[in-house]
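Structure data follow from target-v3.pdb (PDB, C-alpha atoms (C1' of nucleotides)):
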ATOM      1  CA  MET X 622       1.428   5.380  11.398
ATOM      2  CA  THR X 623       0.140   5.277   7.862
ATOM      3  CA  ALA X 624      -3.469   5.167   6.796
ATOM      4  CA  ARG X 625      -4.717   1.723   5.848
ATOM      5  CA  GLU X 626      -7.278   0.979   3.196
ATOM      6  CA  THR X 627      -9.435  -1.653   4.794
ATOM      7  CA  ASN X 628      -9.805  -1.901   8.549
ATOM      8  CA  PRO X 629      -7.960   1.108   9.886
ATOM      9  CA  ASN X 630      -5.823  -0.375  12.566
ATOM     10  CA  PHE X 631      -7.963  -1.151  15.585
ATOM     11  CA  MET X 632      -8.177  -4.774  14.564
ATOM     12  CA  ASN X 633      -5.733  -6.512  16.841
ATOM     13  CA  GLY X 634      -7.377  -9.533  18.413
ATOM     14  CA  VAL X 635     -10.757  -8.621  17.002
ATOM     15  CA  PRO X 636     -10.910 -11.364  14.342
ATOM     16  CA  GLU X 637     -10.229 -14.011  16.948
ATOM     17  CA  LEU X 638     -12.913 -12.604  19.211
ATOM     18  CA  LEU X 639     -15.544 -12.440  16.498
ATOM     19  CA  ILE X 640     -14.743 -15.878  15.139
ATOM     20  CA  LEU X 641     -15.075 -17.458  18.559
ATOM     21  CA  ARG X 642     -18.319 -15.624  19.128
ATOM     22  CA  LEU X 643     -19.815 -16.749  15.824
ATOM     23  CA  LEU X 644     -18.781 -20.339  16.329
ATOM     24  CA  GLN X 645     -20.226 -20.397  19.795
ATOM     25  CA  GLN X 646     -23.639 -19.777  18.308
ATOM     26  CA  GLU X 647     -23.375 -22.332  15.530
ATOM     27  CA  GLU X 648     -20.730 -24.319  13.704
ATOM     28  CA  MET X 649     -19.508 -22.619  10.566
ATOM     29  CA  TYR X 650     -16.836 -23.007   7.927
ATOM     30  CA  GLY X 651     -14.153 -20.521   6.972
ATOM     31  CA  TYR X 652     -15.640 -19.030   3.874
ATOM     32  CA  GLU X 653     -18.949 -18.632   5.687
ATOM     33  CA  ILE X 654     -17.303 -16.826   8.578
ATOM     34  CA  VAL X 655     -15.744 -14.283   6.246
ATOM     35  CA  GLN X 656     -19.147 -13.344   4.906
ATOM     36  CA  ALA X 657     -20.932 -13.545   8.230
ATOM     37  CA  ILE X 658     -18.609 -10.967   9.760
ATOM     38  CA  ARG X 659     -19.022  -8.686   6.780
ATOM     39  CA  SER X 660     -22.801  -8.913   6.688
ATOM     40  CA  ARG X 661     -23.572  -8.853  10.401
ATOM     41  CA  THR X 662     -21.456  -5.761  10.952
ATOM     42  CA  ASP X 663     -22.811  -4.032   7.852
ATOM     43  CA  ALA X 664     -19.326  -4.146   6.366
ATOM     44  CA  VAL X 665     -17.943  -2.037   9.200
ATOM     45  CA  ILE X 666     -15.615  -4.944   9.793
ATOM     46  CA  ALA X 667     -14.333  -6.856   6.806
ATOM     47  CA  VAL X 668     -11.656  -9.481   7.256
ATOM     48  CA  GLY X 669     -10.317 -11.476   4.336
ATOM     49  CA  GLU X 670      -9.800 -15.199   4.063
ATOM     50  CA  GLY X 671      -6.111 -14.605   4.583
ATOM     51  CA  VAL X 672      -6.979 -13.493   8.094
ATOM     52  CA  VAL X 673      -9.649 -16.034   8.956
ATOM     53  CA  TYR X 674      -7.944 -19.267   7.969
ATOM     54  CA  PRO X 675      -4.744 -18.707   9.937
ATOM     55  CA  VAL X 676      -6.780 -17.754  12.999
ATOM     56  CA  LEU X 677      -8.892 -20.894  12.650
ATOM     57  CA  HIS X 678      -5.815 -23.062  12.384
ATOM     58  CA  GLY X 679      -4.206 -21.376  15.354
ATOM     59  CA  LEU X 680      -7.273 -21.756  17.513
ATOM     60  CA  GLU X 681      -7.612 -25.405  16.570
ATOM     61  CA  ARG X 682      -3.968 -26.000  17.317
ATOM     62  CA  ASP X 683      -4.555 -24.512  20.752
ATOM     63  CA  GLY X 684      -7.538 -26.768  21.322
ATOM     64  CA  ALA X 685     -10.030 -23.921  21.314
ATOM     65  CA  LEU X 686     -11.792 -25.242  18.215
ATOM     66  CA  LYS X 687     -12.517 -28.642  16.792
ATOM     67  CA  SER X 688     -13.334 -29.343  13.159
ATOM     68  CA  ARG X 689     -15.143 -31.908  11.071
ATOM     69  CA  ARG X 690     -15.181 -32.318   7.327
ATOM     70  CA  LYS X 691     -18.545 -32.359   5.645
ATOM     71  CA  THR X 692     -19.580 -32.445   2.016
ATOM     72  CA  VAL X 693     -22.570 -30.363   1.017
ATOM     73  CA  ASN X 694     -23.748 -30.119  -2.584
ATOM     74  CA  GLY X 695     -20.576 -31.714  -3.753
ATOM     75  CA  ARG X 696     -18.547 -29.060  -1.928
ATOM     76  CA  SER X 697     -16.178 -30.081   0.793
ATOM     77  CA  ARG X 698     -16.396 -27.852   3.825
ATOM     78  CA  ILE X 699     -14.584 -27.846   7.152
ATOM     79  CA  TYR X 700     -16.937 -26.942   9.939
ATOM     80  CA  TYR X 701     -15.515 -25.553  13.152
ATOM     81  CA  SER X 702     -17.077 -25.497  16.592
ATOM     82  CA  VAL X 703     -15.982 -24.240  19.979
ATOM     83  CA  THR X 704     -14.531 -26.534  22.634
ATOM     84  CA  ALA X 705     -14.597 -25.973  26.376
ATOM     85  CA  ILE X 706     -11.215 -24.309  26.097
ATOM     86  CA  GLY X 707     -12.505 -22.071  23.342
ATOM     87  CA  SER X 708     -15.552 -21.163  25.348
ATOM     88  CA  HIS X 709     -13.394 -20.121  28.256
ATOM     89  CA  ARG X 710     -11.152 -18.187  25.950
ATOM     90  CA  LEU X 711     -14.108 -16.379  24.469
ATOM     91  CA  ALA X 712     -15.276 -15.397  27.921
ATOM     92  CA  ASP X 713     -11.851 -13.990  28.734
ATOM     93  CA  LEU X 714     -11.473 -12.096  25.484
ATOM     94  CA  SER X 715     -14.990 -10.804  25.736
ATOM     95  CA  GLU X 716     -14.444  -9.401  29.193
ATOM     96  CA  THR X 717     -11.132  -7.888  28.229
ATOM     97  CA  TRP X 718     -12.673  -6.235  25.225
ATOM     98  CA  THR X 719     -15.556  -4.835  27.236
ATOM     99  CA  ASN X 720     -13.238  -3.348  29.839
ATOM    100  CA  LEU X 721     -11.029  -1.827  27.193
ATOM    101  CA  ALA X 722     -13.874  -0.386  25.168
ATOM    102  CA  SER X 723     -15.414   1.038  28.297
ATOM    103  CA  ALA X 724     -12.178   2.690  29.374
ATOM    104  CA  ILE X 725     -11.645   4.232  25.962
ATOM    105  CA  GLN X 726     -15.226   5.388  25.740
ATOM    106  CA  LYS X 727     -14.830   7.274  28.997
ATOM    107  CA  MET X 728     -11.733   9.039  27.760
ATOM    108  CA  LEU X 729     -13.364   9.981  24.489
ATOM    109  CA  ALA X 730     -16.553  11.199  26.091
ATOM    110  CA  GLY X 731     -15.832  12.807  29.420
ATOM    111  CA  GLY X 732     -12.238  13.601  28.890
ATOM    112  CA  GLN X 733     -11.541  15.853  31.843
ATOM    113  CA  HIS X 734      -9.884  13.832  34.517
ATOM    114  CA  VAL X 735     -11.577  13.118  37.765
ATOM    115  CA  GLU X 736     -11.601  15.993  40.238
ATOM    116  CA  ALA X 737     -12.248  15.392  43.885
ATOM    117  CA  ILE X 738     -15.819  16.318  44.656
ATOM    118  CA  PRO X 739     -15.847  18.791  47.565
TER     119      PRO X 739
ATOM    120  CA  MET G 325      -1.972 -16.356  19.314
ATOM    121  CA  THR G 326      -0.252 -16.454  22.686
ATOM    122  CA  ALA G 327      -1.435 -14.726  25.838
ATOM    123  CA  ARG G 328       0.337 -11.460  26.560
ATOM    124  CA  GLU G 329       1.110 -10.148  30.012
ATOM    125  CA  THR G 330       0.181  -6.513  29.764
ATOM    126  CA  ASN G 331      -2.427  -5.281  27.329
ATOM    127  CA  PRO G 332      -3.909  -8.401  25.825
ATOM    128  CA  ASN G 333      -3.897  -7.633  22.175
ATOM    129  CA  PHE G 334      -6.695  -5.224  21.370
ATOM    130  CA  MET G 335      -4.294  -2.317  21.384
ATOM    131  CA  ASN G 336      -3.669  -1.584  17.739
ATOM    132  CA  GLY G 337      -4.095   2.123  17.106
ATOM    133  CA  VAL G 338      -5.394   2.737  20.590
ATOM    134  CA  PRO G 339      -2.296   4.528  21.935
ATOM    135  CA  GLU G 340      -2.423   6.972  19.056
ATOM    136  CA  LEU G 341      -6.086   7.646  19.671
ATOM    137  CA  LEU G 342      -5.668   8.216  23.391
ATOM    138  CA  ILE G 343      -2.602  10.389  22.989
ATOM    139  CA  LEU G 344      -4.349  12.647  20.509
ATOM    140  CA  ARG G 345      -7.353  12.859  22.777
ATOM    141  CA  LEU G 346      -5.290  13.804  25.817
ATOM    142  CA  LEU G 347      -3.295  16.399  23.932
ATOM    143  CA  GLN G 348      -6.435  17.939  22.534
ATOM    144  CA  GLN G 349      -7.468  18.807  26.059
ATOM    145  CA  GLU G 350      -4.136  20.183  27.204
ATOM    146  CA  GLU G 351      -0.516  20.098  26.171
ATOM    147  CA  MET G 352       1.451  17.383  27.870
ATOM    148  CA  TYR G 353       4.882  15.762  27.778
ATOM    149  CA  GLY G 354       5.690  12.112  27.154
ATOM    150  CA  TYR G 355       6.292  10.936  30.642
ATOM    151  CA  GLU G 356       3.124  12.679  31.774
ATOM    152  CA  ILE G 357       1.077  10.997  29.056
ATOM    153  CA  VAL G 358       2.210   7.560  30.159
ATOM    154  CA  GLN G 359       0.909   8.181  33.653
ATOM    155  CA  ALA G 360      -2.218   9.991  32.544
ATOM    156  CA  ILE G 361      -3.355   7.020  30.467
ATOM    157  CA  ARG G 362      -2.660   4.665  33.320
ATOM    158  CA  SER G 363      -4.459   6.706  35.921
ATOM    159  CA  ARG G 364      -7.446   7.875  33.906
ATOM    160  CA  THR G 365      -8.266   4.345  32.807
ATOM    161  CA  ASP G 366      -7.718   2.898  36.274
ATOM    162  CA  ALA G 367      -4.813   0.905  34.866
ATOM    163  CA  VAL G 368      -7.078  -0.915  32.432
ATOM    164  CA  ILE G 369      -4.819   0.486  29.765
ATOM    165  CA  ALA G 370      -1.133   0.776  30.514
ATOM    166  CA  VAL G 371       1.276   1.740  27.768
ATOM    167  CA  GLY G 372       4.975   2.070  28.380
ATOM    168  CA  GLU G 373       7.299   4.850  27.338
ATOM    169  CA  GLY G 374       8.578   2.620  24.579
ATOM    170  CA  VAL G 375       5.146   2.928  23.034
ATOM    171  CA  VAL G 376       4.426   6.579  23.702
ATOM    172  CA  TYR G 377       7.603   8.196  22.446
ATOM    173  CA  PRO G 378       7.644   6.580  19.014
ATOM    174  CA  VAL G 379       3.986   7.485  18.545
ATOM    175  CA  LEU G 380       4.679  11.094  19.532
ATOM    176  CA  HIS G 381       7.567  11.305  17.088
ATOM    177  CA  GLY G 382       5.528   9.759  14.331
ATOM    178  CA  LEU G 383       2.602  12.092  14.869
ATOM    179  CA  GLU G 384       4.897  15.094  14.916
ATOM    180  CA  ARG G 385       6.596  13.928  11.747
ATOM    181  CA  ASP G 386       3.166  13.751  10.131
ATOM    182  CA  GLY G 387       2.334  17.263  11.277
ATOM    183  CA  ALA G 388      -0.367  16.130  13.656
ATOM    184  CA  LEU G 389       1.493  17.408  16.689
ATOM    185  CA  LYS G 390       3.794  20.299  17.401
ATOM    186  CA  SER G 391       6.227  20.475  20.297
ATOM    187  CA  ARG G 392       8.008  23.069  22.370
ATOM    188  CA  ARG G 393      10.790  22.595  24.880
ATOM    189  CA  LYS G 394      10.242  23.938  28.340
ATOM    190  CA  THR G 395      12.278  23.695  31.509
ATOM    191  CA  VAL G 396      10.401  23.246  34.767
ATOM    192  CA  ASN G 397      12.190  22.833  38.093
ATOM    193  CA  GLY G 398      15.436  22.260  36.300
ATOM    194  CA  ARG G 399      13.850  19.465  34.274
ATOM    195  CA  SER G 400      13.680  19.718  30.535
ATOM    196  CA  ARG G 401      10.336  18.679  29.139
ATOM    197  CA  ILE G 402       8.990  18.511  25.620
ATOM    198  CA  TYR G 403       5.379  19.565  25.541
ATOM    199  CA  TYR G 404       3.209  18.405  22.667
ATOM    200  CA  SER G 405      -0.008  19.907  21.415
ATOM    201  CA  VAL G 406      -2.409  19.069  18.603
ATOM    202  CA  THR G 407      -2.342  20.862  15.262
ATOM    203  CA  ALA G 408      -5.239  21.260  12.870
ATOM    204  CA  ILE G 409      -4.117  18.116  11.093
ATOM    205  CA  GLY G 410      -4.001  16.285  14.380
ATOM    206  CA  SER G 411      -7.426  17.498  15.329
ATOM    207  CA  HIS G 412      -8.829  16.197  12.075
ATOM    208  CA  ARG G 413      -7.033  12.936  12.552
ATOM    209  CA  LEU G 414      -8.446  12.575  16.031
ATOM    210  CA  ALA G 415     -11.946  13.108  14.702
ATOM    211  CA  ASP G 416     -11.415  10.401  12.095
ATOM    212  CA  LEU G 417      -9.909   7.906  14.493
ATOM    213  CA  SER G 418     -12.559   8.639  17.039
ATOM    214  CA  GLU G 419     -15.364   7.960  14.617
ATOM    215  CA  THR G 420     -13.709   4.816  13.323
ATOM    216  CA  TRP G 421     -13.272   3.541  16.833
ATOM    217  CA  THR G 422     -16.859   4.265  17.762
ATOM    218  CA  ASN G 423     -18.178   2.458  14.712
ATOM    219  CA  LEU G 424     -15.977  -0.521  15.333
ATOM    220  CA  ALA G 425     -16.771  -0.766  19.020
ATOM    221  CA  SER G 426     -20.457  -0.477  18.258
ATOM    222  CA  ALA G 427     -20.328  -3.236  15.650
ATOM    223  CA  ILE G 428     -18.463  -5.557  17.972
ATOM    224  CA  GLN G 429     -20.759  -4.789  20.852
ATOM    225  CA  LYS G 430     -23.735  -5.820  18.750
ATOM    226  CA  MET G 431     -22.145  -9.114  17.858
ATOM    227  CA  LEU G 432     -21.225  -9.837  21.445
ATOM    228  CA  ALA G 433     -24.603  -8.875  22.821
ATOM    229  CA  GLY G 434     -27.325  -9.792  20.376
ATOM    230  CA  GLY G 435     -25.489 -12.454  18.549
ATOM    231  CA  GLN G 436     -28.268 -14.095  16.572
ATOM    232  CA  HIS G 437     -28.347 -12.667  13.112
ATOM    233  CA  VAL G 438     -31.199 -10.578  11.905
ATOM    234  CA  GLU G 439     -34.338 -12.512  10.982
ATOM    235  CA  ALA G 440     -37.046 -11.010   8.853
ATOM    236  CA  ILE G 441     -39.935  -9.997  11.052
ATOM    237  CA  PRO G 442     -43.166 -11.657   9.770
TER     238      PRO G 442
ATOM    239  C1'  DT V 720      26.042   7.547  49.667
ATOM    240  C1'  DG V 721      22.684   5.267  47.325
ATOM    241  C1'  DT V 722      18.142   4.549  45.759
ATOM    242  C1'  DA V 723      13.834   6.053  43.749
ATOM    243  C1'  DA V 724      11.547   9.113  40.788
ATOM    244  C1'  DT V 725      11.570  12.076  36.892
ATOM    245  C1'  DG V 726      12.354  12.689  31.887
ATOM    246  C1'  DC V 727      14.142  11.669  27.440
ATOM    247  C1'  DC V 728      15.211   7.954  24.046
ATOM    248  C1'  DT V 729      16.307   3.491  20.971
ATOM    249  C1'  DT V 730      16.739  -1.356  19.626
ATOM    250  C1'  DG V 731      15.131  -5.913  18.698
ATOM    251  C1'  DA V 732      11.741  -9.313  19.148
ATOM    252  C1'  DA V 733       7.139 -10.811  18.752
ATOM    253  C1'  DC V 734       2.732 -10.720  17.117
ATOM    254  C1'  DT V 735      -1.108  -9.510  13.860
ATOM    255  C1'  DT V 736      -3.196  -8.224  10.077
ATOM    256  C1'  DC V 737      -3.132  -7.379   5.134
ATOM    257  C1'  DT V 738      -2.173  -8.089   0.295
ATOM    258  C1'  DA V 739      -1.722 -11.044  -3.238
ATOM    259  C1'  DG V 740      -1.343 -14.761  -4.848
ATOM    260  C1'  DG V 741      -2.482 -20.407  -5.761
ATOM    261  C1'  DT V 742      -5.588 -24.605  -6.330
ATOM    262  C1'  DA V 743     -10.044 -26.888  -7.434
ATOM    263  C1'  DT V 744     -15.053 -27.394  -8.131
ATOM    264  C1'  DT V 745     -19.753 -25.737  -9.352
ATOM    265  C1'  DG V 746     -23.059 -22.748 -11.611
ATOM    266  C1'  DT V 747     -24.214 -19.505 -15.135
ATOM    267  C1'  DA V 748     -24.002 -16.438 -18.958
ATOM    268  C1'  DA V 749     -22.383 -15.568 -23.627
TER     269       DA V 749
ATOM    270  C1'  DT U 224     -18.434 -24.689 -25.569
ATOM    271  C1'  DT U 225     -16.217 -21.345 -23.469
ATOM    272  C1'  DA U 226     -15.450 -18.037 -20.114
ATOM    273  C1'  DC U 227     -16.334 -16.067 -15.871
ATOM    274  C1'  DA U 228     -18.141 -15.577 -11.232
ATOM    275  C1'  DA U 229     -18.881 -17.781  -6.966
ATOM    276  C1'  DT U 230     -17.687 -21.253  -3.725
ATOM    277  C1'  DA U 231     -14.051 -23.282  -0.731
ATOM    278  C1'  DC U 232      -9.650 -24.238   0.831
ATOM    279  C1'  DC U 233      -4.839 -22.471   1.649
ATOM    280  C1'  DT U 234       0.013 -19.991   2.064
ATOM    281  C1'  DA U 235       3.999 -16.629   1.813
ATOM    282  C1'  DG U 236       5.780 -12.247   2.341
ATOM    283  C1'  DA U 237       5.353  -7.483   3.578
ATOM    284  C1'  DA U 238       4.003  -4.071   6.679
ATOM    285  C1'  DG U 239       2.840  -2.142  10.801
ATOM    286  C1'  DT U 240       2.265  -2.179  15.994
ATOM    287  C1'  DT U 241       3.070  -3.008  20.535
ATOM    288  C1'  DC U 242       6.174  -4.682  24.085
ATOM    289  C1'  DA U 243      10.284  -5.647  26.861
ATOM    290  C1'  DA U 244      14.500  -4.127  28.049
ATOM    291  C1'  DG U 245      17.702  -1.502  28.138
ATOM    292  C1'  DG U 246      20.669   3.394  28.289
ATOM    293  C1'  DC U 247      21.508   8.272  29.738
ATOM    294  C1'  DA U 248      20.988  12.318  32.892
ATOM    295  C1'  DT U 249      19.026  15.082  36.641
ATOM    296  C1'  DT U 250      16.531  15.824  41.072
ATOM    297  C1'  DA U 251      14.647  14.363  45.589
ATOM    298  C1'  DC U 252      15.019  11.781  49.540
ATOM    299  C1'  DA U 253      16.590   8.396  52.945
TER     300       DA U 253
END

Once more with this new file: its structure as structure tokens, please.
Amino acid sequence: MTARETNPNFMNGVPELLILRLLQQEEMYGYEIVQAIRSRTDAVIAVGEGVVYPVLHGLERDGALKSRRKTVNGRSRIYYSVTAIGSHRLADLSETWTNLASAIQKMLAGGQHVEAIP
Amino acid sequence: MTARETNPNFMNGVPELLILRLLQQEEMYGYEIVQAIRSRTDAVIAVGEGVVYPVLHGLERDGALKSRRKTVNGRSRIYYSVTAIGSHRLADLSETWTNLASAIQKMLAGGQHVEAIP
DNA sequence: TGTAATGCCTTGAACTTCTAGGTATTGTAA
DNA sequence: TTACAATACCTAGAAGTTCAAGGCATTACA
């Protein structure tokens, strides 16, 4: 019930959704994902590495992501990409999110509950 | 990271937002709020009493809501309504939500990141 | 008489995110 | 050369929410 400094509280499940979405477009590594989310949302959403890495590991454990190690410019990176399971999961999450956002939008906008039209 | 049965995970802060929004339109009591959310969202969002009552108490503690006891048909109800603080809080939450939903929508829809137009 | 609905409430578990650290390498500025 | 920022990985603990599952009491209805 207390104000938060960074992302004020509507974040549940959002990191997972965004990460899956990004990785569906192209394989990326953790540190890159952190910055991609920040830049592509104009810093509206900013998740730290402490959020991204655990989600990546969890998704890989569940078989939704697969990873490969790659060294670029002497830096070792772990690139993640979406599996069939992950793709399905993204579809589910995406639909759920859309339904939820739509429902909330209606309540915020219209507000008055539905009256029978005579 | 596990699938949930009811509201699959995007719910953080949403109950508080919806409750404030409902109470801004008209004073309501807890049990009524539970059903109002369910019915006005066509059961897309369904929060239990175990969610609503703690939120109501927390908001009242913070001065965002005020309550009055009223007996109707021999039933004792506690009606809540929004204070000035609550109204301000609703405005903040509402804007935050809109920004967030908009940012996510862009990532889900467009997807490809912004290229410089030649 | 008994069951469902109304109306209030709390506890404990489960899950996330967040903060704040730690490690190591590369590039750059002083 | 030295120090610092950026890159790149990671974890542990705290904090905050929602959720499930119950309890209590009254009214309506079968």

Run the PyMOL selection byres ((chain G and resi 353) around 12) on the file and write out the hits as a PyMOL selection string. (chain G and resi 343+346-347+350-352+354-360+373+376-377+380-381+389-396+399-405) or (chain V and resi 725-727)

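With only C-alpha atoms as the basis for measurement, G:Ala425 is the residue among G:Glu384, G:Ala425, G:Ala370, G:Leu414 that approaches chain X most closely.
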
Find the residues near V:DT745: any atom within 10 Å, counting only C-alpha atoms (C1' of nucleotides), skip ones fewer than 5 places away on the same chain, and give them as a compact mmCIF listing (two decimals) with C-alpha atoms (C1' of nucleotides), in the frame of the given file.
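Produced file part.txt, reproduced below:
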# COMPACT_ATOMS: atom_id res chain seq x y z
CA ASN X 694 -23.75 -30.12 -2.58
CA GLY X 695 -20.58 -31.71 -3.75
CA ARG X 696 -18.55 -29.06 -1.93
C1' DA U 229 -18.88 -17.78 -6.97
C1' DT U 230 -17.69 -21.25 -3.72

Test item: the PyMOL selection byres ((chain U and resi 225) around 12) resolved as a ChimeraX atom specification: /V:747-749 /U:224,226-227

Mind giving me the axis-aligned box for stretch 736-743 of chain V with 6 Å on every side, centre plus edges in Å to one decimal, as AutoDock Vina command-line options?
--center_x -5.7 --center_y -17.1 --center_z 1.3 --size_x 20.7 --size_y 31.5 --size_z 29.5

Residues of chain U within 9 Å of chain X, using only C-alpha atoms (C1' of nucleotides), as a PyMOL selection string? chain U and resi 230-234+239-240

Least-squares superpose chain G onto chain X - every C-alpha atom, paired in order - and show me the moved coordinates as a compact mmCIF listing (two decimals) with C-alpha atoms, in the frame of the given file.
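Final file, result-v3.txt:
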# COMPACT_ATOMS: atom_id res chain seq x y z
CA MET G 325 1.50 5.31 11.29
CA THR G 326 0.13 5.32 7.77
CA ALA G 327 -3.53 5.19 6.81
CA ARG G 328 -4.74 1.74 5.81
CA GLU G 329 -7.37 1.06 3.19
CA THR G 330 -9.51 -1.58 4.81
CA ASN G 331 -9.81 -1.88 8.56
CA PRO G 332 -7.99 1.12 9.93
CA ASN G 333 -5.85 -0.37 12.60
CA PHE G 334 -7.96 -1.18 15.62
CA MET G 335 -8.17 -4.80 14.60
CA ASN G 336 -5.70 -6.56 16.83
CA GLY G 337 -7.34 -9.60 18.38
CA VAL G 338 -10.73 -8.66 17.03
CA PRO G 339 -10.94 -11.39 14.36
CA GLU G 340 -10.24 -14.04 16.96
CA LEU G 341 -12.92 -12.64 19.23
CA LEU G 342 -15.55 -12.46 16.51
CA ILE G 343 -14.76 -15.90 15.14
CA LEU G 344 -15.10 -17.49 18.56
CA ARG G 345 -18.34 -15.65 19.13
CA LEU G 346 -19.83 -16.77 15.82
CA LEU G 347 -18.78 -20.36 16.31
CA GLN G 348 -20.23 -20.41 19.79
CA GLN G 349 -23.64 -19.81 18.27
CA GLU G 350 -23.38 -22.36 15.49
CA GLU G 351 -20.73 -24.32 13.67
CA MET G 352 -19.51 -22.64 10.54
CA TYR G 353 -16.84 -23.01 7.87
CA GLY G 354 -14.16 -20.50 6.93
CA TYR G 355 -15.66 -19.01 3.85
CA GLU G 356 -18.97 -18.63 5.66
CA ILE G 357 -17.32 -16.84 8.57
CA VAL G 358 -15.77 -14.27 6.26
CA GLN G 359 -19.17 -13.34 4.90
CA ALA G 360 -20.95 -13.55 8.23
CA ILE G 361 -18.62 -10.98 9.78
CA ARG G 362 -19.05 -8.70 6.82
CA SER G 363 -22.80 -8.91 6.73
CA ARG G 364 -23.56 -8.87 10.44
CA THR G 365 -21.46 -5.76 10.98
CA ASP G 366 -22.84 -4.02 7.90
CA ALA G 367 -19.35 -4.13 6.41
CA VAL G 368 -17.95 -2.04 9.25
CA ILE G 369 -15.63 -4.95 9.83
CA ALA G 370 -14.36 -6.85 6.83
CA VAL G 371 -11.69 -9.49 7.26
CA GLY G 372 -10.34 -11.46 4.35
CA GLU G 373 -9.80 -15.18 4.07
CA GLY G 374 -6.11 -14.59 4.59
CA VAL G 375 -7.00 -13.50 8.09
CA VAL G 376 -9.67 -16.04 8.94
CA TYR G 377 -7.95 -19.26 7.97
CA PRO G 378 -4.75 -18.72 9.94
CA VAL G 379 -6.79 -17.77 12.99
CA LEU G 380 -8.92 -20.90 12.63
CA HIS G 381 -5.83 -23.08 12.36
CA GLY G 382 -4.22 -21.41 15.32
CA LEU G 383 -7.29 -21.78 17.50
CA GLU G 384 -7.63 -25.42 16.54
CA ARG G 385 -3.97 -26.02 17.28
CA ASP G 386 -4.56 -24.54 20.73
CA GLY G 387 -7.55 -26.80 21.30
CA ALA G 388 -10.03 -23.96 21.28
CA LEU G 389 -11.79 -25.26 18.19
CA LYS G 390 -12.53 -28.66 16.75
CA SER G 391 -13.34 -29.34 13.12
CA ARG G 392 -15.14 -31.92 11.04
CA ARG G 393 -15.17 -32.33 7.29
CA LYS G 394 -18.52 -32.38 5.59
CA THR G 395 -19.52 -32.46 1.95
CA VAL G 396 -22.52 -30.40 0.91
CA ASN G 397 -23.67 -30.18 -2.70
CA GLY G 398 -20.45 -31.72 -3.85
CA ARG G 399 -18.48 -29.06 -1.98
CA SER G 400 -16.12 -30.05 0.76
CA ARG G 401 -16.38 -27.84 3.81
CA ILE G 402 -14.58 -27.85 7.12
CA TYR G 403 -16.94 -26.95 9.90
CA TYR G 404 -15.51 -25.57 13.12
CA SER G 405 -17.09 -25.51 16.54
CA VAL G 406 -15.98 -24.27 19.95
CA THR G 407 -14.54 -26.57 22.60
CA ALA G 408 -14.61 -26.01 26.33
CA ILE G 409 -11.22 -24.35 26.08
CA GLY G 410 -12.51 -22.12 23.33
CA SER G 411 -15.57 -21.21 25.32
CA HIS G 412 -13.40 -20.18 28.24
CA ARG G 413 -11.16 -18.23 25.94
CA LEU G 414 -14.12 -16.43 24.45
CA ALA G 415 -15.30 -15.44 27.91
CA ASP G 416 -11.87 -14.04 28.73
CA LEU G 417 -11.48 -12.15 25.49
CA SER G 418 -14.99 -10.86 25.73
CA GLU G 419 -14.45 -9.45 29.19
CA THR G 420 -11.12 -7.94 28.23
CA TRP G 421 -12.67 -6.29 25.24
CA THR G 422 -15.55 -4.89 27.24
CA ASN G 423 -13.23 -3.43 29.85
CA LEU G 424 -11.01 -1.89 27.24
CA ALA G 425 -13.85 -0.44 25.20
CA SER G 426 -15.40 0.98 28.34
CA ALA G 427 -12.15 2.62 29.43
CA ILE G 428 -11.61 4.17 26.03
CA GLN G 429 -15.18 5.33 25.81
CA LYS G 430 -14.77 7.19 29.09
CA MET G 431 -11.68 8.95 27.87
CA LEU G 432 -13.31 9.92 24.61
CA ALA G 433 -16.50 11.11 26.21
CA GLY G 434 -15.78 12.67 29.57
CA GLY G 435 -12.23 13.56 28.97
CA GLN G 436 -11.50 15.86 31.88
CA HIS G 437 -9.87 13.91 34.63
CA VAL G 438 -11.58 13.30 37.90
CA GLU G 439 -11.61 16.26 40.27
CA ALA G 440 -12.31 15.86 43.94
CA ILE G 441 -15.85 16.96 44.66
CA PRO G 442 -15.82 19.66 47.41

Residues of chain V no more than 12 Å from chain G, counting only C-alpha atoms (C1' of nucleotides): send them over as number ranges by chain. V: 724-730, 733-736

When the cut-off is 8 Å and we count all atoms listed in the file, which residues of chain X are near chain G, given as a ChimeraX atom specification? /X:622,629-635,639,642-643,646,661-662,665-666,679-680,715,717-718,720-722,724-725,728-729,732-735

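When the PyMOL selection byres ((chain G and resi 407) around 8) is evaluated against the file, it yields Gly387, Ala388, Leu389, Lys390, Ser405, Val406, Ala408, Ile409, Gly410 and Ser411 of chain G.
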